[in-house]
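Engineer: Below you'll find query.pdb; it's PDB, C-alpha atoms.
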ATOM      1  CA  GLN H1452       5.030  25.355  16.604  1.00  0.00           C
ATOM      2  CA  VAL H1453       4.055  23.832  13.279  1.00  0.00           C
ATOM      3  CA  ASN H1454       3.363  24.972   9.779  1.00  0.00           C
ATOM      4  CA  LEU H1455       0.233  23.592   8.217  1.00  0.00           C
ATOM      5  CA  ALA H1456      -1.548  24.263   4.980  1.00  0.00           C
ATOM      6  CA  ALA H1457      -5.267  23.549   5.057  1.00  0.00           C
ATOM      7  CA  SER H1458      -5.580  25.619   1.915  1.00  0.00           C
ATOM      8  CA  THR H1459      -8.447  23.989   0.037  1.00  0.00           C
ATOM      9  CA  ASP H1460     -12.060  23.780   1.163  1.00  0.00           C
ATOM     10  CA  LYS H1461     -11.714  20.000   1.523  1.00  0.00           C
ATOM     11  CA  MET H1462      -8.576  20.381   3.669  1.00  0.00           C
ATOM     12  CA  TRP H1463     -10.267  23.069   5.747  1.00  0.00           C
ATOM     13  CA  ARG H1464     -13.180  20.764   6.540  1.00  0.00           C
ATOM     14  CA  ALA H1465     -10.727  17.943   7.369  1.00  0.00           C
ATOM     15  CA  PHE H1466      -8.755  20.297   9.639  1.00  0.00           C
ATOM     16  CA  CYS H1467     -11.890  21.337  11.518  1.00  0.00           C
ATOM     17  CA  GLU H1468     -12.999  17.730  11.920  1.00  0.00           C
ATOM     18  CA  VAL H1469      -9.659  16.352  13.113  1.00  0.00           C
ATOM     19  CA  VAL H1470      -9.186  19.071  15.760  1.00  0.00           C
ATOM     20  CA  GLY H1471     -12.841  19.132  16.804  1.00  0.00           C
ATOM     21  CA  ALA H1472     -13.453  22.708  15.668  1.00  0.00           C
ATOM     22  CA  ASP H1473     -17.176  22.408  14.968  1.00  0.00           C
ATOM     23  CA  ASN H1474     -17.614  26.145  15.592  1.00  0.00           C
ATOM     24  CA  LEU H1475     -15.178  26.946  12.743  1.00  0.00           C
ATOM     25  CA  ALA H1476     -16.582  24.284  10.419  1.00  0.00           C
ATOM     26  CA  SER H1477     -20.093  25.683  10.790  1.00  0.00           C
ATOM     27  CA  ASN H1478     -19.107  29.345  10.409  1.00  0.00           C
ATOM     28  CA  GLN H1479     -20.326  30.448   6.971  1.00  0.00           C
ATOM     29  CA  GLU H1480     -17.610  33.114   6.768  1.00  0.00           C
ATOM     30  CA  TYR H1481     -15.049  30.309   6.583  1.00  0.00           C
ATOM     31  CA  PHE H1482     -16.772  27.991   4.084  1.00  0.00           C
ATOM     32  CA  THR H1483     -14.631  29.147   1.136  1.00  0.00           C
ATOM     33  CA  VAL H1484     -11.005  30.060   0.565  1.00  0.00           C
ATOM     34  CA  GLU H1485     -12.138  33.596  -0.232  1.00  0.00           C
ATOM     35  CA  GLY H1486     -14.067  33.833   3.038  1.00  0.00           C
ATOM     36  CA  ARG H1487     -11.136  32.520   5.049  1.00  0.00           C
ATOM     37  CA  LEU H1488      -8.790  35.012   3.375  1.00  0.00           C
ATOM     38  CA  LYS H1489     -11.199  37.885   3.966  1.00  0.00           C
ATOM     39  CA  ASN H1490     -11.424  36.979   7.661  1.00  0.00           C
ATOM     40  CA  ARG H1491      -7.818  35.797   8.001  1.00  0.00           C
ATOM     41  CA  LYS H1492      -6.846  37.913  11.006  1.00  0.00           C
ATOM     42  CA  VAL H1493      -9.663  36.672  13.252  1.00  0.00           C
ATOM     43  CA  LEU H1494      -9.463  33.146  11.844  1.00  0.00           C
ATOM     44  CA  TRP H1495      -5.741  32.873  12.610  1.00  0.00           C
ATOM     45  CA  GLN H1496      -6.428  33.838  16.209  1.00  0.00           C
ATOM     46  CA  GLU H1497      -9.110  31.159  16.465  1.00  0.00           C
ATOM     47  CA  VAL H1498      -6.938  28.515  14.784  1.00  0.00           C
ATOM     48  CA  ASN H1499      -3.976  29.398  17.022  1.00  0.00           C
ATOM     49  CA  SER H1500      -6.197  29.078  20.080  1.00  0.00           C
ATOM     50  CA  ILE H1501      -7.300  25.598  19.003  1.00  0.00           C
ATOM     51  CA  THR H1502      -3.927  24.319  17.821  1.00  0.00           C
ATOM     52  CA  SER H1503      -2.137  25.567  20.941  1.00  0.00           C
ATOM     53  CA  GLU H1504      -3.996  22.844  22.867  1.00  0.00           C
ATOM     54  CA  PHE H1505      -1.965  20.164  21.037  1.00  0.00           C
ATOM     55  CA  LEU H1506       1.666  19.143  21.132  1.00  0.00           C
ATOM     56  CA  SER H1507       3.453  19.774  17.834  1.00  0.00           C
ATOM     57  CA  THR H1508       3.897  16.047  17.286  1.00  0.00           C
ATOM     58  CA  GLU H1509       0.166  15.471  17.805  1.00  0.00           C
ATOM     59  CA  LEU H1510      -0.765  18.175  15.301  1.00  0.00           C
ATOM     60  CA  VAL H1511       1.631  16.881  12.675  1.00  0.00           C
ATOM     61  CA  GLU H1512       0.269  13.356  13.075  1.00  0.00           C
ATOM     62  CA  LYS H1513      -3.370  14.503  12.974  1.00  0.00           C
ATOM     63  CA  MET H1514      -2.894  16.750   9.934  1.00  0.00           C
ATOM     64  CA  ASN H1515      -0.864  14.243   7.963  1.00  0.00           C
ATOM     65  CA  SER H1516      -3.419  11.504   8.708  1.00  0.00           C
ATOM     66  CA  VAL H1517      -6.067  13.497   6.810  1.00  0.00           C
ATOM     67  CA  GLY H1518      -3.817  14.682   3.978  1.00  0.00           C
ATOM     68  CA  ILE H1519      -3.020  18.175   5.233  1.00  0.00           C
ATOM     69  CA  PRO H1520       0.619  19.194   4.738  1.00  0.00           C
ATOM     70  CA  CYS H1521       2.052  19.878   8.161  1.00  0.00           C
ATOM     71  CA  GLY H1522       5.422  19.778   9.844  1.00  0.00           C
ATOM     72  CA  PRO H1523       7.210  21.093  12.893  1.00  0.00           C
ATOM     73  CA  ILE H1524       9.039  24.402  12.956  1.00  0.00           C
ATOM     74  CA  ASN H1525      12.435  23.348  14.227  1.00  0.00           C
ATOM     75  CA  ASN H1526      15.201  25.275  15.887  1.00  0.00           C
ATOM     76  CA  ILE H1527      18.703  24.776  14.455  1.00  0.00           C
ATOM     77  CA  GLY H1528      19.536  21.801  16.673  1.00  0.00           C
ATOM     78  CA  GLU H1529      16.236  20.079  15.934  1.00  0.00           C
ATOM     79  CA  ALA H1530      16.678  20.666  12.207  1.00  0.00           C
ATOM     80  CA  PHE H1531      20.060  18.912  12.175  1.00  0.00           C
ATOM     81  CA  ASP H1532      18.697  16.095  14.353  1.00  0.00           C
ATOM     82  CA  ASP H1533      15.539  15.486  12.275  1.00  0.00           C
ATOM     83  CA  HIS H1534      15.227  11.898  11.015  1.00  0.00           C
ATOM     84  CA  HIS H1535      14.283  13.125   7.512  1.00  0.00           C
ATOM     85  CA  VAL H1536      17.421  15.273   7.380  1.00  0.00           C
ATOM     86  CA  LYS H1537      19.504  12.271   8.365  1.00  0.00           C
ATOM     87  CA  PHE H1538      17.738   9.859   5.988  1.00  0.00           C
ATOM     88  CA  LEU H1539      18.039  12.252   3.032  1.00  0.00           C
ATOM     89  CA  LYS H1540      21.668  13.045   3.948  1.00  0.00           C
ATOM     90  CA  MET H1541      20.895  16.752   3.877  1.00  0.00           C
ATOM     91  CA  THR H1542      23.844  17.860   6.021  1.00  0.00           C
ATOM     92  CA  LYS H1543      26.732  19.222   3.988  1.00  0.00           C
ATOM     93  CA  LYS H1544      29.808  21.209   4.913  1.00  0.00           C
ATOM     94  CA  ALA H1545      30.890  24.577   3.583  1.00  0.00           C
ATOM     95  CA  THR H1546      33.994  26.602   4.225  1.00  0.00           C
ATOM     96  CA  HIS H1547      33.485  30.160   5.399  1.00  0.00           C
ATOM     97  CA  PRO H1548      36.434  32.560   5.005  1.00  0.00           C
ATOM     98  CA  GLU H1549      36.261  33.715   8.644  1.00  0.00           C
ATOM     99  CA  LEU H1550      34.396  30.954  10.497  1.00  0.00           C
ATOM    100  CA  GLY H1551      36.079  27.950   8.882  1.00  0.00           C
ATOM    101  CA  GLU H1552      34.208  24.733   8.134  1.00  0.00           C
ATOM    102  CA  LEU H1553      30.484  24.866   8.879  1.00  0.00           C
ATOM    103  CA  PRO H1554      27.806  22.169   8.785  1.00  0.00           C
ATOM    104  CA  LEU H1555      24.807  23.390   6.771  1.00  0.00           C
ATOM    105  CA  LEU H1556      21.565  21.907   5.481  1.00  0.00           C
ATOM    106  CA  ARG H1557      20.850  21.582   1.795  1.00  0.00           C
ATOM    107  CA  SER H1558      17.443  21.945   0.246  1.00  0.00           C
ATOM    108  CA  PRO H1559      15.160  18.945   0.809  1.00  0.00           C
ATOM    109  CA  ILE H1560      14.247  19.001  -2.885  1.00  0.00           C
ATOM    110  CA  THR H1561      16.190  16.312  -4.694  1.00  0.00           C
ATOM    111  CA  MET H1562      15.957  15.868  -8.445  1.00  0.00           C
ATOM    112  CA  SER H1563      16.906  12.481  -9.839  1.00  0.00           C
ATOM    113  CA  ASN H1564      19.114  13.859 -12.627  1.00  0.00           C
ATOM    114  CA  VAL H1565      20.977  16.375 -10.476  1.00  0.00           C
ATOM    115  CA  LYS H1566      24.047  15.088  -8.679  1.00  0.00           C
ATOM    116  CA  GLN H1567      24.313  16.137  -5.039  1.00  0.00           C
ATOM    117  CA  GLU H1568      27.850  17.264  -4.305  1.00  0.00           C
ATOM    118  CA  PRO H1569      29.181  16.150  -0.891  1.00  0.00           C
ATOM    119  CA  VAL H1570      30.042  19.752   0.119  1.00  0.00           C
ATOM    120  CA  PHE H1571      28.825  23.230  -0.767  1.00  0.00           C
ATOM    121  CA  LYS H1572      31.130  25.176  -3.080  1.00  0.00           C
ATOM    122  CA  LYS H1573      31.167  27.994  -0.552  1.00  0.00           C
ATOM    123  CA  ALA H1574      29.291  29.278   2.455  1.00  0.00           C
ATOM    124  CA  GLY H1575      26.685  31.970   2.031  1.00  0.00           C
ATOM    125  CA  PRO H1576      28.212  35.390   1.473  1.00  0.00           C
ATOM    126  CA  GLU H1577      28.249  38.168   4.017  1.00  0.00           C
ATOM    127  CA  LEU H1578      25.687  40.903   3.430  1.00  0.00           C
ATOM    128  CA  GLY H1579      26.721  42.831   0.330  1.00  0.00           C
ATOM    129  CA  ALA H1580      29.755  40.656  -0.485  1.00  0.00           C
ATOM    130  CA  ASP H1581      28.600  39.870  -4.033  1.00  0.00           C
ATOM    131  CA  SER H1582      26.736  43.098  -4.786  1.00  0.00           C
ATOM    132  CA  ASP H1583      29.362  44.578  -7.126  1.00  0.00           C
ATOM    133  CA  GLU H1584      29.693  41.358  -9.112  1.00  0.00           C
ATOM    134  CA  ILE H1585      25.939  40.933  -9.478  1.00  0.00           C
ATOM    135  CA  LEU H1586      25.399  44.546 -10.492  1.00  0.00           C
ATOM    136  CA  ARG H1587      28.172  44.276 -13.107  1.00  0.00           C
ATOM    137  CA  GLU H1588      26.484  41.158 -14.506  1.00  0.00           C
ATOM    138  CA  LEU H1589      23.326  43.287 -14.793  1.00  0.00           C
ATOM    139  CA  ASN H1590      25.326  45.868 -16.791  1.00  0.00           C
ATOM    140  CA  TYR H1591      25.526  48.537 -14.092  1.00  0.00           C
ATOM    141  CA  SER H1592      28.415  50.910 -14.662  1.00  0.00           C
ATOM    142  CA  GLU H1593      31.082  51.462 -11.998  1.00  0.00           C
ATOM    143  CA  ASP H1594      29.713  54.989 -11.497  1.00  0.00           C
ATOM    144  CA  ALA H1595      26.199  53.651 -10.950  1.00  0.00           C
ATOM    145  CA  ILE H1596      27.480  51.079  -8.451  1.00  0.00           C
ATOM    146  CA  GLU H1597      29.369  53.791  -6.540  1.00  0.00           C
ATOM    147  CA  LYS H1598      26.230  55.957  -6.409  1.00  0.00           C
ATOM    148  CA  LEU H1599      24.264  53.021  -4.966  1.00  0.00           C
ATOM    149  CA  LYS H1600      26.940  52.533  -2.316  1.00  0.00           C
ATOM    150  CA  LYS H1601      27.071  56.219  -1.393  1.00  0.00           C
ATOM    151  CA  SER H1602      23.290  56.426  -1.132  1.00  0.00           C
ATOM    152  CA  GLY H1603      23.220  53.383   1.158  1.00  0.00           C
ATOM    153  CA  VAL H1604      21.125  51.271  -1.219  1.00  0.00           C
ATOM    154  CA  ILE H1605      23.821  48.593  -1.153  1.00  0.00           C
ATOM    155  CA  LYS H1606      26.331  47.870   1.568  1.00  0.00           C
ATOM    156  CA  ASN H1607      29.819  49.218   1.007  1.00  0.00           C
ATOM    157  CA  LEU H1608      32.322  46.542   2.038  1.00  0.00           C
TER     158      LEU H1608
END
Mind converting the file's structure to structure tokens?
Structural biologist:
Amino acid sequence: QVNLAASTDKMWRAFCEVVGADNLASNQEYFTVEGRLKNRKVLWQEVNSITSEFLSTELVEKMNSVGIPCGPINNIGEAFDDHHVKFLKMTKKATHPELGELPLLRSPITMSNVKQEPVFKKAGPELGADSDEILRELNYSEDAIEKLKKSGVIKNL
């Protein structure tokens, strides 16, 4: 599986050419972004049929060679093993209160003036763990928070 974004008309034509989809390239319903959006359901089926004939690595190479953003959809193991993840040093540890130390991946977006800490301050919270604190910051009263809990809108820990 891959994600790809042939979102402009130029990218769409390049996509069709690189995968040999002359039938899609010549279909007037797909000439414009608007047409492709209007016919998205059928188009996705046709694109999936064509792209399923390629290995993920082949598709990524083909798309990137013509300027179409494309990358593999990795499972957890593949994500940690990815050469970009390793090169960008994206693996960081976090301590979870119940699970202990966990390896996690940081965002791939790196800004030059933002220091990357070697570890996360904390692991992601359990569902609902920070609800009370967030609602208080948004000026919800204790009564209002209790009503949300009783109604099931937020999880009661």
Engineer: Go through the shown structure with the PyMOL selection byres ((chain H and resi 1540-1556) around 10) and write out the matching residues as a PyMOL selection string.
Structural biologist: chain H and resi 1527+1530-1532+1534-1539+1557-1561+1567-1577
Engineer: Mind telling me what the PyMOL selection byres ((chain H and resi 1494-1508) around 9) catches here, as a PDB file with C-alpha atoms, in the coordinates of the input?
Structural biologist:
ATOM      1  CA  GLN H1452       5.030  25.355  16.604  1.00  0.00           C
ATOM      2  CA  VAL H1453       4.055  23.832  13.279  1.00  0.00           C
ATOM      3  CA  VAL H1470      -9.186  19.071  15.760  1.00  0.00           C
ATOM      4  CA  GLY H1471     -12.841  19.132  16.804  1.00  0.00           C
ATOM      5  CA  ALA H1472     -13.453  22.708  15.668  1.00  0.00           C
ATOM      6  CA  LEU H1475     -15.178  26.946  12.743  1.00  0.00           C
ATOM      7  CA  TYR H1481     -15.049  30.309   6.583  1.00  0.00           C
ATOM      8  CA  ARG H1487     -11.136  32.520   5.049  1.00  0.00           C
ATOM      9  CA  LEU H1488      -8.790  35.012   3.375  1.00  0.00           C
ATOM     10  CA  ASN H1490     -11.424  36.979   7.661  1.00  0.00           C
ATOM     11  CA  ARG H1491      -7.818  35.797   8.001  1.00  0.00           C
ATOM     12  CA  LYS H1492      -6.846  37.913  11.006  1.00  0.00           C
ATOM     13  CA  VAL H1493      -9.663  36.672  13.252  1.00  0.00           C
ATOM     14  CA  GLU H1509       0.166  15.471  17.805  1.00  0.00           C
ATOM     15  CA  LEU H1510      -0.765  18.175  15.301  1.00  0.00           C
ATOM     16  CA  VAL H1511       1.631  16.881  12.675  1.00  0.00           C
ATOM     17  CA  GLU H1512       0.269  13.356  13.075  1.00  0.00           C
ATOM     18  CA  LYS H1513      -3.370  14.503  12.974  1.00  0.00           C
ATOM     19  CA  GLY H1522       5.422  19.778   9.844  1.00  0.00           C
ATOM     20  CA  PRO H1523       7.210  21.093  12.893  1.00  0.00           C
ATOM     21  CA  ILE H1524       9.039  24.402  12.956  1.00  0.00           C
TER      22      ILE H1524
END
Engineer: Give the padded box for range 1567-1581 of chain H as AutoDock Vina command-line options: axis-aligned, covering all atoms listed in the file, 4 Å on each side, centre and edge lengths in Å to one decimal.
Structural biologist:
--center_x 27.7 --center_y 29.5 --center_z -0.5 --size_x 14.9 --size_y 34.7 --size_z 17.1
Engineer: Here is a test: counting all atoms listed in the file, which residue of H:Cys1521, H:Phe1466, H:Asp1581, H:Asp1533 is nearest to Asn1454 in chain H?
Structural biologist: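 Nearest to Asn1454 in chain H: H:Cys1521.
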Engineer: Between CA of Val1517 in chain H and CA of Glu1529 in chain H, what is the distance in Å, rounded to a tenth?
Structural biologist: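 About the pair CA of Val1517 in chain H and CA of Glu1529 in chain H: they are 25.0 Å apart.
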Engineer: State, in Å with one decimal place, the distance from CA of Ala1457 in chain H to CA of Ile1519 in chain H.
Structural biologist: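 Those two atoms sit 5.8 Å apart.
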Engineer: How many Å lie between CA of Lys1606 in chain H and CA of Ala1580 in chain H, rounded to one decimal?
Structural biologist: 8.2 Å
Engineer: Need to verify the contact set: Phe1482 in chain H, 9 Å, only C-alpha atoms, exclusion of same-chain residues closer than 4 positions in sequence. Can you return it as a PyMOL selection string?
Structural biologist: chain H and resi 1460+1463-1464+1475-1478+1486-1487
